[in-house]
Amino acid sequence: MGLDDEMVRMLVAYGSVVRVRQGWYALPHADPDAIRACRFGGRLACASALRFHGEPVEDDGVLHIEMPANAVGRALEGGRHSVRAHWPRHPSGGNRAVVDADAAWRQWERCVHGNHRRLARGGRIEGGEIER
Ligand SMILES: [Zn+2]
């Protein structure tokens, strides 16, 4: 951003920017789900990215995030939402906060069908589940 630490601290104190995680800041009106995804070390993905892009996808109460392939596992505590992490072999298109709509649709297809398979076997979808 080209601002020194003192300036950044002032902007955070005045609420002009929100600290996301170390070295990452967002504007106050940034999408709260995107901020949460970044806090986990990932980006908005799958159904969450589709909603972000304005696609007609129902809110399943799960925050879907794409983790970088080399990410170390972080504790995925979802708060009131559960969190599902996607770990692609190659990073999807998009920007640093959210994958693009094409990638999100592909992830969602696999995610939805995967859930059905797990449910059919009597599995339960739980918060913090990690898909590899
Ligand atoms: Zn998903």
# chains A, B, ... in the order shown; residues from 1 in each chain; ligands from 1
>>> residues_around(residues="Arg36 (chain A)", least_positions_apart="3", cutoff="10 Å", atoms="only C-alpha atoms", output="ChimeraX atom specification")
/A:20-21,31-33,39-44,63,65,78,97
>>> write_last_selection(atoms="C-alpha atoms", output="PDB file, in the first residue's frame")
ATOM      1  CA  VAL A  20      -7.486  -8.817   8.060  1.00  0.00           C
ATOM      2  CA  ARG A  21      -4.323 -10.586   9.102  1.00  0.00           C
ATOM      3  CA  ASP A  31     -17.332  -8.436   2.022  1.00  0.00           C
ATOM      4  CA  PRO A  32     -17.235  -9.940   5.540  1.00  0.00           C
ATOM      5  CA  ASP A  33     -17.055 -13.496   4.181  1.00  0.00           C
ATOM      6  CA  ARG A  39      -8.166 -14.656   7.895  1.00  0.00           C
ATOM      7  CA  PHE A  40      -8.101 -18.419   7.408  1.00  0.00           C
ATOM      8  CA  GLY A  41      -5.307 -17.917   4.895  1.00  0.00           C
ATOM      9  CA  GLY A  42      -7.475 -18.633   1.865  1.00  0.00           C
ATOM     10  CA  ARG A  43      -9.899 -16.970  -0.550  1.00  0.00           C
ATOM     11  CA  LEU A  44     -13.638 -17.139  -0.991  1.00  0.00           C
ATOM     12  CA  LEU A  63     -18.090 -20.692   4.357  1.00  0.00           C
ATOM     13  CA  ILE A  65     -12.699 -21.243   1.011  1.00  0.00           C
ATOM     14  CA  GLY A  78     -16.132 -21.086  11.662  1.00  0.00           C
ATOM     15  CA  ALA A  97      -9.811 -12.382  -2.034  1.00  0.00           C
TER      16      ALA A  97
END
>>> closest_atom_pairs(of="chain A", to="ligand 1", cutoff="7 Å", atoms="only C-alpha atoms and all ligand atoms", output="tab-separated table")
residue	atom	partner	partner_atom_place_in_ligand_line	distance
A:Ala45	CA	ligand 1	1 (Zn)	6.8
A:Cys46	CA	ligand 1	1 (Zn)	4.6
A:Ala47	CA	ligand 1	1 (Zn)	5.8
A:His64	CA	ligand 1	1 (Zn)	4.8
A:Arg84	CA	ligand 1	1 (Zn)	6.1
A:His86	CA	ligand 1	1 (Zn)	6.6
A:Gln107	CA	ligand 1	1 (Zn)	6.0
A:Trp108	CA	ligand 1	1 (Zn)	5.3
A:Cys111	CA	ligand 1	1 (Zn)	4.6
>>> atom_distance(atom1="CA of Trp105 (chain A)", atom2="CA of Val18 (chain A)")
29.1 Å
>>> residues_around(residues="Arg89 (chain A)", least_positions_apart="3", cutoff="10 Å", atoms="only C-alpha atoms", output="MDAnalysis selection string")
chainID A and resid 67:70 86 92 132
>>> select_by_dssp(residues="region 1-107 of chain A", states="strand (DSSP E or B)", output="ChimeraX atom specification")
/A:18-21,24-26,43-44,62-66,82-86,94,98-99
>>> write_last_selection(atoms="C-alpha atoms", output="compact mmCIF listing (two decimals), in the first residue's frame")
# COMPACT_ATOMS: atom_id res chain seq x y z
CA VAL A 18 -9.79 -3.18 8.71
CA ARG A 19 -6.89 -5.42 9.65
CA VAL A 20 -7.49 -8.82 8.06
CA ARG A 21 -4.32 -10.59 9.10
CA TRP A 24 -3.34 -7.60 4.99
CA TYR A 25 -5.87 -4.81 5.23
CA ALA A 26 -9.28 -4.28 3.71
CA ARG A 43 -9.90 -16.97 -0.55
CA LEU A 44 -13.64 -17.14 -0.99
CA VAL A 62 -21.01 -22.97 5.13
CA LEU A 63 -18.09 -20.69 4.36
CA HIS A 64 -16.31 -22.28 1.37
CA ILE A 65 -12.70 -21.24 1.01
CA GLU A 66 -9.84 -22.18 -1.30
CA SER A 82 -19.01 -24.07 9.45
CA VAL A 83 -16.08 -23.82 7.12
CA ARG A 84 -15.20 -26.07 4.23
CA ALA A 85 -11.72 -25.75 2.82
CA HIS A 86 -10.95 -26.65 -0.77
CA GLY A 94 -9.60 -14.84 -9.54
CA VAL A 98 -12.12 -14.49 -4.18
CA VAL A 99 -11.88 -17.08 -6.98
>>> atom_distance(atom1="CA of Arg96 (chain A)", atom2="CA of Ile35 (chain A)")
10.8 Å
>>> atom_distance(atom1="CA of Glu6 (chain A)", atom2="CA of Ala37 (chain A)")
26.3 Å
>>> closest_residue(among="A:Glu109, A:Asp102, A:Gln22, A:Trp87", to="His53 (chain A)", atoms="only C-alpha atoms")
A:Asp102
>>> closest_residue(among="A:Leu3, A:Ala101, A:Ala71, A:Cys38", to="Leu50 (chain A)", atoms="only C-alpha atoms")
A:Ala101
